[in-house]
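K.L.:
One structure follows; several queries about it will come next.
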Amino acid sequence: MRAILALEDGSVWEGDGFGACNTTVGEVCFNTSMTGYQEILTDPSYHGQIVTMTCPHIGNYGVNALDVESWRPHVAGFAVREVSPVVSNWRAEEALPDYLERHGIPGIQGIDTRSLTRKLRVRGAMNGVLSTEGLSREEAIERARAFPGLVGADYAKEVTHAEGFRWDEEDAKSADFRIATGAGETGDPRTLRHPLPPADIPIIAYDYGIKYNILRRLRQHGFRVEVVRADASAEEVLRRKPAGVFLSNGPGDPAAVGYAIKAVAELAKAGLPIFGICLGHQILSLAMGGTTFKLKFGHRGANQPVKDLDQEVVEITAQNHGFAVDAASLPADVRVNRINLNDQTVEGIRHRTKPLFSVQYHPEASPGPHDSTPLFAEFRRMIEARP
Amino acid sequence: MPRRTDIHSVLIIGAGPIVIGQACEFDYSGTQACKALKEEGYRVVLVNSNPATIMTDPEFADCTYIEPITPDCVEKIIAREVAQLEASGERGKLVLLPTLGGQTALNTAMKLDQNGVLQRYGVEMIGAKADAIMRGEDRQVFKDLMLEIGLDVPVSGTAHSLEEAREVAEKIGRFPVIIRPAFTLGGTGGGTAYNREEFEELARRGIDLSPVNEILVEESLLGWKEFEMEVMRDRKDNCVIICSIENFDPMGVHTGDSITVAPAQTLTDKEYQIMRDASFAVIRAVGVETGGSNIQFAVNPDNGRMAIIEMNPRVSRSSALASKATGFPIAKIAAKLAVGYTLDEIPNDITRETPASFEPTIDYVVTKIPRFAFEKFSQADPTLTTQMKSVGEAMAIGRTFKESLQKCLRSLEIGRFGLGGDGKPMRVGTELYPDRGELPKDLIRRKLTVPNADRIFYLRHALRQGMSVEEIFQITKIDRWFLTQLRQLVDLEEELATAG
């Protein structure tokens with residue numbers, strides 16, 4: 001199966017297709033993580049994006065039912081240097097190409113992903129077309145150019161769950177993973193897990209495209225989580241009397257989700273403790289009166305250094321965002337407490353008097369380092385500190 | 001935080017003459033450290049008896065002692081330097097940086113600490129303190145520490161009777177198990193038991209042979225996958241992984257004799273992050289305050305169980321590989337961290353604009369292959385074991401594992417131009433087999449079963465002669481992913497050869 005990847009600037013890569021026989025259009029972006037392709041594929045924040053991995057060997061350890069971040073993969077297309085012809089990991093249940101085919105997602109391999117990444121670094125994010133059904137170069141370029149792009153796109157509405165739901169208190173939907181220790185542990189090692197504390201703090205989690213690992217982490221920190229749709233109103237949330245509100249990650253342009261910004265502004269006014277991640281961080285910033293802008297090339301990978309300006313320590317973080325908060329736009333009562341050491345952009349904010357904080361990166365990781373897991377405990381402490 | 005101002009001079013101990021297991025990598029790390037410390041305005045005092053090193057060039061240290069690297073000699077050097085420093089009236093003290101000169105430097109520094117010399121002259125060890133080095137180096141102390149912090153190590157126990165030995169074996173739950181009699185000369189009477197009969201026999205004999213009638217019964221990790229993590233830590237407890245390394249050869253072959261690959265190829269993110277967390281837990285528990293450490297893991301391919309094998313509380317051979325593989329100069333940064341900087345204060349050598357507090361991510365594959373010289377030592381047993389036998393190594397970078405492996409085989413200077421198909425015959429004893437000829441099946445099987453310097457080439461012949469990846473995996477326990485990569489090379493060779 002021949003495959004083609006074309007960018008709006010007219011550049012074209014031809015390679016071998018894998019996954020579904022299909023044509024897809026989206027913003028092309030690169031991710032520098034060396035592990036975790038399955039988590040990336042299933043992260044709703046990648047909705048509408050054709051993702052290329054800078055790591056050349058992909059698919060080596062296959063896919064399994066546990067390492068998912070939502071109910072299905074969300075990327076529009078997947079471009080890699082080389083897909084492994086074999087699956088080699090004790091946790092694997094399926095090969096990557098079969099998995100993508102099952103979900104109708106086309107992939108391209110055997111292309112020079114380094115030249116593609118370089119182009120995206122120099123020119124910035126671009127729209128593109130990935131086709132495994134014999135589209136011509138001209139046609140592909142034409143369709144990439146016709147794509148309206150992500151600016152102004154409200155994708156949160158497209159990936160939010162159809163209805164709100166309660167996250168299973170047993171966390172069984174997608175159990176956290178623990179490795180067998182000692183020689184004596186028997187049974188299926190895939191079902192080993194750490195014990196859970198009681199779920200005694202009721203919170204509402206806004207689903208703008210929420211990752212399962214956020215829900216797992218919240219549960220592991222003793223929260224009883226009620227998930228609501230992205231467009232849930234402030235009244236609806238307040239009616240449920242939660243102890244706090246969580247704002248999730250999600251795809252698209254933060255400025256396009258006016259309804260969410262309005263709801264969060266009202267919830268903040270009502271004095272509820274709020275913790276936001278990624279798109280949730282941008283929405284909180286916008287609700288506080290700040291503005292966002294599109295980065296030339298987004299932060300997508302698992303090695304972004306973030307400095308906590310209060311503690312003066314560095315966390316290595318997982319990131320996936322194409323927009324950022326403009327530090328100068330924030331009102332005086334909101335303080336930037338974390339910055340990215342690579343480009344000095346805003347990574348975290350905290351309100352000086354109200355219980356509001358958010359981070360641009362992914363403390364739930366998955367994929368990525370666990371350095372920032374303590375933020376979930378911080379949210380808990382923030383709620384518990386209230387009279 | 002600025003660099004420490006209470007330091008005037010830094011004593012660096014080199015690695016001495018090149019031996020198997022300790023080659024020029026410590027000249028590389030020591031030279032980097034000399035440069036880094038001089039750059040900071042410290043007086044660098046160096047001791048190394050090896051003249052064929054860059055670090056002993058006059059421009060690298062302020063004062064170079066070409067003297068034997070023995071505790072006595074280094075004591076005299078310390079005495080002289082301390083006296084000079086006092087006489088000069090300049091501010092600051094002499095400190096010792098022991099973690100950049102391999103095992104020789106580490107051992108010498110430990111002796112100087114144990115015999116009270118460092119204390120007597122008020123010389124502080126920077127980078128890693130003596131107690132941290134001891135915790136990392138003493139096998140039993142290290143093992144107990146790992147269990148204490150909830151990490152996994154090979155299961156083991158001591159026994160004084162067959163009854164007790166059986167109990168330990170029960171706890172281990174599977175064969176093979178290793179039996180080591182206590183206090184026998186050169187470990188005589190020990191061995192690996194693959195079944196109950198062998199176990200009873202070895203245990204009984206071991207208890208008899210041991211002067212204290214004691215044996216250690218330990219779980220064998222033979223055939224498990226082997227990984228390494230290169231970790232750095234600064235005095236604010238910022239920790240980063242510089243590089244993950246996966247060994248092509250499973251447990252049973254010394255890392256120095258293994259073909260190794262960076263980054264790790266067959267771990268899911270979940271497993272990789274657990275390994276990353278464990279690496280940080282180890283460096284913190286052992287207490288290496290600043291600098292780099294190398295931590296080795298064994299992973300059971302059947303259930304992912306991850307056992308910690310050992311740690312080097314210093315810059316190691318793998319650090320040199322990791323530095324060149326990622327562009328992160330571990331030794332240089334380790335030297336800067338030792339004098340008080342934190343990772344976010346040091347600029348990244350490659351980008352120059354971003355700080356060193358990041359984790360390198362690479363879009364290529366690095367392969368290292370050891371170089372042996374068995375042809376020069378006819379008496380030496382060419383079987384690869386847990387004792388290192390290679391005399392050097394080559395590394396190669398490629399966009400794929402296949403490319404880097406091929407380049408690396410060419411780099412070895414053994415006259416080969418890759419895995420095969422280069423027209424070079426293969427010599428086995430007195431027999432000479434043509435490059436594309438057939439080798440006896442039992443010879444191939446034998447050469448796959450027992451790890452040896454040429455195993456990579458026998459793997460090619462095995463694949464060429466129709467053995468399946470699964471069959472080879474069962475014999476060698478080399479990961480199926482690596483074997484499949486070799487399979488692709490062999491297939492390409494066939495395609496080219498038959499294309500005429």
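Just remember, in the structure tokens the first chain shown is A, the second B, etc., residues are 1-based per chain, and ligands are 1-based in the order shown.
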Residues of chain B no more than 6 Å from chain A, counting only C-alpha atoms: send them over as a count of residues only.

P.N.:
11

K.L.:
Excluding same-chain residues fewer than 6 positions from range 102-104 of chain B, what lies within 7 Å of it counting only C-alpha atoms, as a ChimeraX atom specification?

P.N.:
/B:15,26,315-316

K.L.:
Output N, CA and C atoms of each residue in that selection to a file, as a PDB file, in the first residue's frame.

P.N.:
ATOM      1  N   ALA B  15      42.770   7.142  36.236  1.00  0.00           N
ATOM      2  CA  ALA B  15      42.510   5.705  36.281  1.00  0.00           C
ATOM      3  C   ALA B  15      43.766   4.861  36.127  1.00  0.00           C
ATOM      4  N   PHE B  26      38.032   6.763  31.026  1.00  0.00           N
ATOM      5  CA  PHE B  26      38.257   7.585  32.220  1.00  0.00           C
ATOM      6  C   PHE B  26      39.245   8.707  31.964  1.00  0.00           C
ATOM      7  N   VAL B 315      31.020   8.126  37.372  1.00  0.00           N
ATOM      8  CA  VAL B 315      31.002   8.121  35.920  1.00  0.00           C
ATOM      9  C   VAL B 315      31.594   6.788  35.460  1.00  0.00           C
ATOM     10  N   SER B 316      30.980   6.167  34.438  1.00  0.00           N
ATOM     11  CA  SER B 316      31.391   4.830  34.034  1.00  0.00           C
ATOM     12  C   SER B 316      31.611   4.764  32.526  1.00  0.00           C
TER      13      SER B 316
END

K.L.:
Quick one: residues within 10 Å of Pro176 in chain B, only C-alpha atoms, excluding same-chain residues fewer than 4 positions away - as a PyMOL selection string?

P.N.:
chain B and resi 169+172+192-196+198-199+218-222

K.L.:
Enumerate the residues of range 4-40 of chain B with a DSSP assignment of alpha helix (DSSP H), computed from the backbone, and present them as a PyMOL selection string.

P.N.:
chain B and resi 25-39

K.L.:
Where in range 73-163 of chain B does DSSP assign strand (DSSP E or B), given as a PyMOL selection string?

P.N.:
chain B and resi 93-97+124-125+156-159

K.L.:
Using N, CA, C and O atoms, can you write the selected residues to a file as an mmCIF file, in the first residue's frame?

P.N.:
data_model
loop_
_atom_site.group_PDB
_atom_site.id
_atom_site.type_symbol
_atom_site.label_atom_id
_atom_site.label_comp_id
_atom_site.auth_asym_id
_atom_site.auth_seq_id
_atom_site.Cartn_x
_atom_site.Cartn_y
_atom_site.Cartn_z
ATOM 1 N N LYS B 93 39.885 25.684 50.340
ATOM 2 C CA LYS B 93 40.508 24.432 50.737
ATOM 3 C C LYS B 93 40.704 23.492 49.560
ATOM 4 O O LYS B 93 40.247 23.758 48.452
ATOM 5 N N LEU B 94 41.388 22.388 49.851
ATOM 6 C CA LEU B 94 41.585 21.340 48.852
ATOM 7 C C LEU B 94 40.452 20.311 49.011
ATOM 8 O O LEU B 94 40.168 19.881 50.123
ATOM 9 N N VAL B 95 39.822 19.949 47.905
ATOM 10 C CA VAL B 95 38.799 18.902 47.960
ATOM 11 C C VAL B 95 39.173 17.793 46.983
ATOM 12 O O VAL B 95 40.004 17.985 46.101
ATOM 13 N N LEU B 96 38.549 16.640 47.173
ATOM 14 C CA LEU B 96 38.851 15.478 46.326
ATOM 15 C C LEU B 96 37.608 15.080 45.542
ATOM 16 O O LEU B 96 36.525 14.898 46.108
ATOM 17 N N LEU B 97 37.764 14.991 44.218
ATOM 18 C CA LEU B 97 36.660 14.549 43.355
ATOM 19 C C LEU B 97 36.990 13.129 42.898
ATOM 20 O O LEU B 97 37.801 12.930 42.005
ATOM 21 N N GLU B 124 37.700 17.283 51.924
ATOM 22 C CA GLU B 124 36.325 16.831 51.720
ATOM 23 C C GLU B 124 36.217 16.110 50.368
ATOM 24 O O GLU B 124 36.850 16.492 49.401
ATOM 25 N N MET B 125 35.411 15.046 50.355
ATOM 26 C CA MET B 125 35.116 14.406 49.072
ATOM 27 C C MET B 125 33.903 15.099 48.477
ATOM 28 O O MET B 125 32.886 15.259 49.159
ATOM 29 N N SER B 156 17.142 -14.112 47.431
ATOM 30 C CA SER B 156 18.239 -14.965 47.899
ATOM 31 C C SER B 156 18.110 -15.202 49.390
ATOM 32 O O SER B 156 17.298 -14.579 50.067
ATOM 33 N N GLY B 157 18.911 -16.122 49.888
ATOM 34 C CA GLY B 157 18.919 -16.394 51.313
ATOM 35 C C GLY B 157 20.074 -17.321 51.653
ATOM 36 O O GLY B 157 20.579 -18.030 50.780
ATOM 37 N N THR B 158 20.504 -17.302 52.919
ATOM 38 C CA THR B 158 21.590 -18.190 53.316
ATOM 39 C C THR B 158 21.001 -19.443 53.956
ATOM 40 O O THR B 158 19.890 -19.423 54.475
ATOM 41 N N ALA B 159 21.766 -20.522 53.863
ATOM 42 C CA ALA B 159 21.303 -21.781 54.438
ATOM 43 C C ALA B 159 22.476 -22.519 55.068
ATOM 44 O O ALA B 159 23.600 -22.448 54.571
#

K.L.:
Determine, counting only C-alpha atoms, which protein, DNA and RNA residues have an atom within 12 Å of an atom of Gly287 in chain B; residues of the same chain fewer than 5 positions away are not included. Present the result as a ChimeraX atom specification.

P.N.:
/B:127-136,142,145,233-235,237,280-282,292-293,311-314

K.L.:
Generate the output file for the selected residues, C-alpha atoms, as a short mmCIF file (atom, residue, chain, number, x, y, z; two decimals), in the first residue's frame.

P.N.:
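Result went into again.cif, see below:
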data_model
loop_
_atom_site.label_atom_id
_atom_site.label_comp_id
_atom_site.auth_asym_id
_atom_site.auth_seq_id
_atom_site.Cartn_x
_atom_site.Cartn_y
_atom_site.Cartn_z
CA GLY B 127 30.36 14.51 44.23
CA ALA B 128 29.85 11.44 46.37
CA LYS B 129 30.73 10.99 50.02
CA ALA B 130 32.44 7.86 51.34
CA ASP B 131 29.29 6.45 52.90
CA ALA B 132 27.39 6.81 49.62
CA ILE B 133 30.18 5.08 47.72
CA MET B 134 30.14 2.29 50.27
CA ARG B 135 26.35 1.89 49.96
CA GLY B 136 26.64 1.68 46.19
CA PHE B 142 23.19 -2.21 48.48
CA LEU B 145 18.99 -0.84 50.94
CA ARG B 233 21.47 14.53 40.21
CA ASP B 234 22.23 18.01 41.53
CA ARG B 235 22.37 19.27 45.09
CA ASP B 237 17.73 17.02 44.16
CA PHE B 280 15.93 8.20 41.00
CA ALA B 281 14.98 6.25 44.11
CA VAL B 282 18.30 4.40 43.90
CA GLY B 292 26.17 10.83 37.50
CA SER B 293 25.42 7.23 38.31
CA MET B 311 24.74 0.71 40.53
CA ASN B 312 27.97 2.57 39.88
CA PRO B 313 28.08 5.69 42.04
CA ARG B 314 30.45 7.33 39.55
#

K.L.:
I want to know what sits within 10 Å of range 78-85 of chain B, based on only C-alpha atoms, with residues of the same chain fewer than 4 positions away left out; could you give that as a PyMOL selection string?

P.N.:
chain B and resi 8-9+11+45+63+72-74+89-96+117-118+120-123

K.L.:
Provide the CA of Glu226 in chain B to CA of Asp491 in chain B distance in Å, to one decimal place.

P.N.:
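That distance, rounded to one decimal, is 27.3 Å.
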